[in-house]
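File shown: input-v5.txt. Contents: compact mmCIF, N, CA and C atoms.
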# COMPACT_ATOMS: atom_id res chain seq x y z
N MET A 16 98.92 99.62 99.70
CA MET A 16 98.13 98.70 100.48
C MET A 16 96.70 99.21 100.67
N GLN A 17 96.58 100.53 100.91
CA GLN A 17 95.24 101.10 101.10
C GLN A 17 94.39 100.95 99.85
N GLN A 18 95.01 101.10 98.67
CA GLN A 18 94.27 100.99 97.42
C GLN A 18 93.71 99.58 97.25
N LEU A 19 94.54 98.59 97.49
CA LEU A 19 94.09 97.20 97.35
C LEU A 19 92.99 96.88 98.35
N LEU A 20 93.16 97.35 99.56
CA LEU A 20 92.16 97.10 100.59
C LEU A 20 90.83 97.76 100.24
N ASN A 21 90.89 98.96 99.67
CA ASN A 21 89.66 99.66 99.30
C ASN A 21 88.98 98.98 98.11
N ILE A 22 89.75 98.37 97.22
CA ILE A 22 89.15 97.66 96.09
C ILE A 22 88.46 96.39 96.58
N LEU A 23 89.11 95.66 97.48
CA LEU A 23 88.53 94.40 97.97
C LEU A 23 87.38 94.63 98.94
N ILE A 24 87.53 95.59 99.83
CA ILE A 24 86.50 95.90 100.83
C ILE A 24 86.19 97.38 100.72
N PRO A 25 85.18 97.75 99.94
CA PRO A 25 84.88 99.17 99.74
C PRO A 25 84.63 99.88 101.06
N GLY A 26 85.27 101.02 101.23
CA GLY A 26 85.13 101.79 102.46
C GLY A 26 86.28 101.59 103.42
N ALA A 27 87.02 100.49 103.29
CA ALA A 27 88.12 100.23 104.21
C ALA A 27 89.24 101.25 104.05
N GLY A 28 89.50 101.67 102.82
CA GLY A 28 90.52 102.69 102.59
C GLY A 28 90.15 104.02 103.22
N LEU A 29 88.86 104.34 103.20
CA LEU A 29 88.40 105.57 103.84
C LEU A 29 88.52 105.48 105.35
N ILE A 30 88.29 104.30 105.90
CA ILE A 30 88.43 104.12 107.34
C ILE A 30 89.89 104.32 107.74
N ILE A 31 90.81 103.79 106.96
CA ILE A 31 92.24 103.95 107.25
C ILE A 31 92.64 105.43 107.17
N ARG A 32 92.02 106.18 106.28
CA ARG A 32 92.34 107.60 106.11
C ARG A 32 91.52 108.50 107.04
N CYS A 33 91.03 107.95 108.11
CA CYS A 33 90.33 108.69 109.17
C CYS A 33 88.99 109.28 108.75
N ARG A 34 88.30 108.63 107.82
CA ARG A 34 86.92 108.98 107.50
C ARG A 34 86.07 107.78 107.87
N GLU A 35 86.05 107.52 109.17
CA GLU A 35 85.50 106.28 109.69
C GLU A 35 84.02 106.09 109.36
N TRP A 36 83.21 107.11 109.61
CA TRP A 36 81.76 106.95 109.43
C TRP A 36 81.40 106.78 107.97
N LEU A 37 82.05 107.51 107.10
CA LEU A 37 81.77 107.37 105.67
C LEU A 37 82.20 105.99 105.18
N GLY A 38 83.39 105.57 105.56
CA GLY A 38 83.86 104.25 105.16
C GLY A 38 83.01 103.13 105.72
N PHE A 39 82.64 103.25 106.99
CA PHE A 39 81.79 102.23 107.62
C PHE A 39 80.43 102.16 106.95
N SER A 40 79.85 103.31 106.64
CA SER A 40 78.53 103.34 105.99
C SER A 40 78.58 102.67 104.62
N LEU A 41 79.60 103.00 103.84
CA LEU A 41 79.71 102.38 102.52
C LEU A 41 79.97 100.88 102.62
N ALA A 42 80.81 100.47 103.56
CA ALA A 42 81.08 99.05 103.74
C ALA A 42 79.81 98.31 104.17
N LEU A 43 79.02 98.92 105.04
CA LEU A 43 77.79 98.30 105.50
C LEU A 43 76.77 98.16 104.37
N ILE A 44 76.59 99.21 103.59
CA ILE A 44 75.67 99.15 102.45
C ILE A 44 76.13 98.10 101.45
N PHE A 45 77.43 98.07 101.17
CA PHE A 45 77.98 97.08 100.25
C PHE A 45 77.74 95.66 100.75
N ALA A 46 77.98 95.43 102.03
CA ALA A 46 77.84 94.09 102.59
C ALA A 46 76.38 93.62 102.60
N ILE A 47 75.48 94.48 103.05
CA ILE A 47 74.07 94.08 103.12
C ILE A 47 73.49 93.84 101.73
N CYS A 48 73.71 94.80 100.85
CA CYS A 48 73.16 94.66 99.50
C CYS A 48 73.84 93.52 98.73
N GLY A 49 75.13 93.32 98.97
CA GLY A 49 75.82 92.21 98.32
C GLY A 49 75.28 90.87 98.77
N ASN A 50 75.00 90.73 100.05
CA ASN A 50 74.42 89.47 100.54
C ASN A 50 73.03 89.23 99.97
N ILE A 51 72.23 90.28 99.88
CA ILE A 51 70.88 90.13 99.31
C ILE A 51 70.99 89.75 97.84
N ALA A 52 71.92 90.38 97.11
CA ALA A 52 72.09 90.07 95.69
C ALA A 52 72.53 88.63 95.49
N VAL A 53 73.48 88.17 96.28
CA VAL A 53 73.92 86.77 96.18
C VAL A 53 72.78 85.82 96.50
N ALA A 54 72.01 86.15 97.52
CA ALA A 54 70.86 85.30 97.86
C ALA A 54 69.84 85.29 96.73
N GLY A 55 69.60 86.43 96.12
CA GLY A 55 68.61 86.50 95.05
C GLY A 55 69.05 85.85 93.76
N TRP A 56 70.35 85.87 93.48
CA TRP A 56 70.84 85.29 92.23
C TRP A 56 71.21 83.81 92.37
N LEU A 57 71.81 83.43 93.49
CA LEU A 57 72.38 82.08 93.58
C LEU A 57 71.71 81.17 94.60
N ILE A 58 71.40 81.67 95.76
CA ILE A 58 70.96 80.79 96.84
C ILE A 58 69.48 80.44 96.73
N ALA A 59 68.63 81.46 96.68
CA ALA A 59 67.19 81.21 96.62
C ALA A 59 66.52 82.19 95.66
N PRO A 60 66.72 82.01 94.37
CA PRO A 60 66.16 82.98 93.42
C PRO A 60 64.62 83.02 93.41
N ALA A 61 63.98 81.94 93.77
CA ALA A 61 62.51 81.92 93.78
C ALA A 61 61.94 82.62 95.01
N ALA A 62 62.74 82.79 96.03
CA ALA A 62 62.25 83.38 97.28
C ALA A 62 62.22 84.91 97.22
N LEU A 63 63.07 85.51 96.41
CA LEU A 63 63.12 86.97 96.33
C LEU A 63 62.62 87.43 94.97
N PRO A 64 61.86 88.53 94.93
CA PRO A 64 61.39 89.03 93.65
C PRO A 64 62.56 89.50 92.78
N GLY A 65 62.40 89.42 91.50
CA GLY A 65 63.46 89.80 90.58
C GLY A 65 63.88 91.25 90.70
N TRP A 66 62.90 92.14 90.90
CA TRP A 66 63.24 93.56 91.00
C TRP A 66 64.08 93.85 92.25
N PHE A 67 63.82 93.10 93.32
CA PHE A 67 64.56 93.29 94.56
C PHE A 67 66.02 92.83 94.40
N THR A 68 66.20 91.73 93.67
CA THR A 68 67.56 91.24 93.40
C THR A 68 68.32 92.25 92.55
N TRP A 69 67.66 92.79 91.52
CA TRP A 69 68.31 93.79 90.67
C TRP A 69 68.63 95.06 91.46
N LEU A 70 67.72 95.49 92.30
CA LEU A 70 67.95 96.69 93.12
C LEU A 70 69.14 96.49 94.05
N ALA A 71 69.21 95.33 94.69
CA ALA A 71 70.34 95.04 95.57
C ALA A 71 71.64 94.99 94.79
N SER A 72 71.60 94.43 93.59
CA SER A 72 72.81 94.37 92.77
C SER A 72 73.27 95.76 92.36
N MET A 73 72.34 96.62 91.98
CA MET A 73 72.70 97.98 91.56
C MET A 73 73.21 98.80 92.75
N LEU A 74 72.60 98.63 93.91
CA LEU A 74 73.08 99.34 95.10
C LEU A 74 74.47 98.85 95.52
N THR A 75 74.74 97.57 95.33
CA THR A 75 76.07 97.04 95.62
C THR A 75 77.09 97.67 94.69
N LEU A 76 76.78 97.71 93.42
CA LEU A 76 77.68 98.31 92.44
C LEU A 76 77.88 99.81 92.72
N PHE A 77 76.79 100.49 93.05
CA PHE A 77 76.87 101.92 93.36
C PHE A 77 77.74 102.18 94.59
N ALA A 78 77.58 101.39 95.63
CA ALA A 78 78.38 101.56 96.85
C ALA A 78 79.85 101.31 96.56
N TRP A 79 80.16 100.30 95.75
CA TRP A 79 81.56 100.02 95.41
C TRP A 79 82.16 101.18 94.62
N CYS A 80 81.44 101.65 93.60
CA CYS A 80 81.95 102.77 92.78
C CYS A 80 82.10 104.04 93.60
N LEU A 81 81.14 104.33 94.45
CA LEU A 81 81.22 105.53 95.29
C LEU A 81 82.40 105.46 96.25
N ALA A 82 82.66 104.29 96.81
CA ALA A 82 83.81 104.14 97.70
C ALA A 82 85.11 104.39 96.96
N GLN A 83 85.21 103.92 95.71
CA GLN A 83 86.44 104.13 94.94
C GLN A 83 86.61 105.61 94.60
N VAL A 84 85.55 106.25 94.16
CA VAL A 84 85.64 107.67 93.79
C VAL A 84 86.01 108.52 95.00
N LEU A 85 85.35 108.30 96.13
CA LEU A 85 85.65 109.09 97.32
C LEU A 85 87.07 108.83 97.82
N PHE A 86 87.53 107.60 97.72
CA PHE A 86 88.88 107.28 98.14
C PHE A 86 89.91 108.02 97.30
N TRP A 87 89.74 108.01 95.97
CA TRP A 87 90.71 108.67 95.09
C TRP A 87 90.61 110.18 95.19
N LYS A 88 89.39 110.72 95.37
CA LYS A 88 89.26 112.17 95.53
C LYS A 88 89.93 112.64 96.82
N GLN A 89 89.79 111.88 97.88
CA GLN A 89 90.45 112.27 99.13
C GLN A 89 91.95 112.16 98.99
N GLY A 90 92.44 111.17 98.26
CA GLY A 90 93.87 111.04 98.03
C GLY A 90 94.41 112.24 97.27
N ALA A 91 93.68 112.70 96.25
CA ALA A 91 94.11 113.88 95.49
C ALA A 91 94.09 115.13 96.36
N ALA A 92 93.10 115.24 97.22
CA ALA A 92 93.02 116.39 98.12
C ALA A 92 94.18 116.39 99.11
N LEU A 93 94.56 115.22 99.60
CA LEU A 93 95.69 115.13 100.52
C LEU A 93 97.00 115.51 99.83
N VAL A 94 97.16 115.12 98.56
CA VAL A 94 98.37 115.48 97.81
C VAL A 94 98.43 116.99 97.61
N ARG A 95 97.29 117.60 97.25
CA ARG A 95 97.26 119.06 97.07
C ARG A 95 97.55 119.78 98.39
N GLN A 96 96.99 119.28 99.47
CA GLN A 96 97.22 119.89 100.78
C GLN A 96 98.69 119.78 101.18
N ARG A 97 99.30 118.65 100.94
CA ARG A 97 100.72 118.47 101.25
C ARG A 97 101.59 119.39 100.40
N ALA A 98 101.25 119.56 99.13
CA ALA A 98 102.02 120.45 98.26
C ALA A 98 101.90 121.90 98.72
N ARG A 99 100.70 122.31 99.12
CA ARG A 99 100.52 123.68 99.63
C ARG A 99 101.31 123.89 100.91
N ARG A 100 101.31 122.90 101.79
CA ARG A 100 102.05 123.01 103.04
C ARG A 100 103.55 123.11 102.78
N GLU A 101 104.07 122.30 101.86
CA GLU A 101 105.49 122.35 101.53
C GLU A 101 105.86 123.66 100.87
N GLN A 102 104.97 124.18 100.04
CA GLN A 102 105.23 125.46 99.38
C GLN A 102 105.24 126.60 100.40
N ALA A 103 104.39 126.53 101.39
CA ALA A 103 104.35 127.58 102.41
C ALA A 103 105.57 127.51 103.33
N GLU A 104 106.12 126.33 103.53
CA GLU A 104 107.27 126.18 104.41
C GLU A 104 108.57 126.61 103.76
N THR A 105 108.68 126.52 102.45
CA THR A 105 109.92 126.92 101.78
C THR A 105 109.95 128.43 101.64
N PRO A 106 111.06 129.06 102.02
CA PRO A 106 111.13 130.52 101.89
C PRO A 106 111.23 130.90 100.43
N SER A 107 110.63 132.01 100.10
CA SER A 107 110.66 132.46 98.71
C SER A 107 112.05 133.02 98.40
N GLU A 108 112.39 133.07 97.13
CA GLU A 108 113.73 133.51 96.72
C GLU A 108 113.95 135.00 96.96
N THR A 109 112.88 135.77 96.98
CA THR A 109 113.02 137.22 97.14
C THR A 109 112.77 137.68 98.57
N ALA A 110 112.74 136.76 99.50
CA ALA A 110 112.42 137.14 100.88
C ALA A 110 113.49 138.02 101.50
N GLY A 111 114.76 137.80 101.17
CA GLY A 111 115.84 138.57 101.77
C GLY A 111 116.27 139.76 100.96
N VAL A 112 115.69 139.97 99.80
CA VAL A 112 116.10 141.07 98.92
C VAL A 112 115.26 142.30 99.22
N LEU A 113 115.93 143.40 99.45
CA LEU A 113 115.23 144.67 99.67
C LEU A 113 114.96 145.32 98.34
N ARG A 114 113.82 145.87 98.21
CA ARG A 114 113.45 146.53 96.95
C ARG A 114 113.77 148.02 97.07
N ALA A 115 114.32 148.56 96.03
CA ALA A 115 114.69 149.99 96.03
C ALA A 115 113.59 150.81 95.41

Show me, as structure tokens, the structure contained in the file I just sent.
Amino acid sequence: MQQLLNILIPGAGLIIRCREWLGFSLALIFAICGNIAVAGWLIAPAALPGWFTWLASMLTLFAWCLAQVLFWKQGAALVRQRARREQAETPSETAGVLRA
């Protein structure tokens, strides 16, 4: 569910994983730049300069990609952390053997 939510609303998956400020910042950048891009391409193309529309579109794409990369990197880090914790909790096979 977190993956789908992060794809549809960039940054939402990070908010769910307790990285609130990072997720909120990415969602805000995505929303503002996305609205400017839609306005520049569809609603009032004559009102906004072409370079501004392109810049907003590229920033929207960048925010979406960055949100996906950070979400998946944090997921991999959580898996590694969980594996290390489980490995530390399991007693080693030679813990009870005395060495001569």

Residue contacts of Asn50 in chain A (10 Å, only C-alpha atoms) excluding same-chain residues fewer than 5 positions away, as JSON, numbers by chain: {"A": [44, 45, 55, 56, 71, 72, 75]}

Could you go through chain A and tell me which residues DSSP, when run on the backbone, assigns to alpha helix (DSSP H), listing them as JSON, numbers by chain? {"A": [17, 18, 19, 20, 21, 22, 23, 27, 28, 29, 30, 31, 35, 36, 37, 38, 39, 40, 41, 42, 43, 44, 45, 46, 47, 48, 49, 50, 51, 52, 53, 65, 66, 67, 68, 69, 70, 71, 72, 73, 74, 75, 76, 77, 78, 79, 80, 81, 82, 83, 84, 85, 86, 87, 88, 89, 90, 91, 92, 93, 94, 95, 96, 97, 98, 99, 100, 101, 102, 103, 104]}

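All residues of protein, DNA or RNA that reach within 7 Å of Asn21 in chain A, judged by all atoms listed in the file and not counting those fewer than 6 positions away in the chain, are Ala27, Gly28, Leu29, Ala82 and Gln83 of chain A.
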
Residue with smallest distance to Arg32 in chain A - pool A:Leu19, A:Leu93, A:Ile47, A:Val53, counting only C-alpha atoms: A:Leu93

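Atom pair atom N of Trp87 in chain A / atom C of Arg99 in chain A: separated by 20.3 Å.
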
Tell me which of A:Glu104, A:Gly26, A:Cys48, A:Met16 sits closest to Phe86 in chain A, counting all atoms listed in the file. A:Gly26

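Put simply, CA of Ile31 in chain A is 17.4 Å away from atom N of Ala46 in chain A.
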
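The spacing separating CA of Trp79 in chain A from CA of Ile22 in chain A amounts to 8.0 Å.
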
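Using only C-alpha atoms, the smallest distance between any of A:Ala91, A:Ala52, A:Trp36, A:Arg100 and Leu74 in chain A comes from A:Ala52.
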
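Of the residues under consideration (A:Leu76, A:Ile51, A:Ala61, A:Ile24), A:Ile24 shows the shortest atom-to-atom contact distance to Phe39 in chain A when counting only C-alpha atoms.
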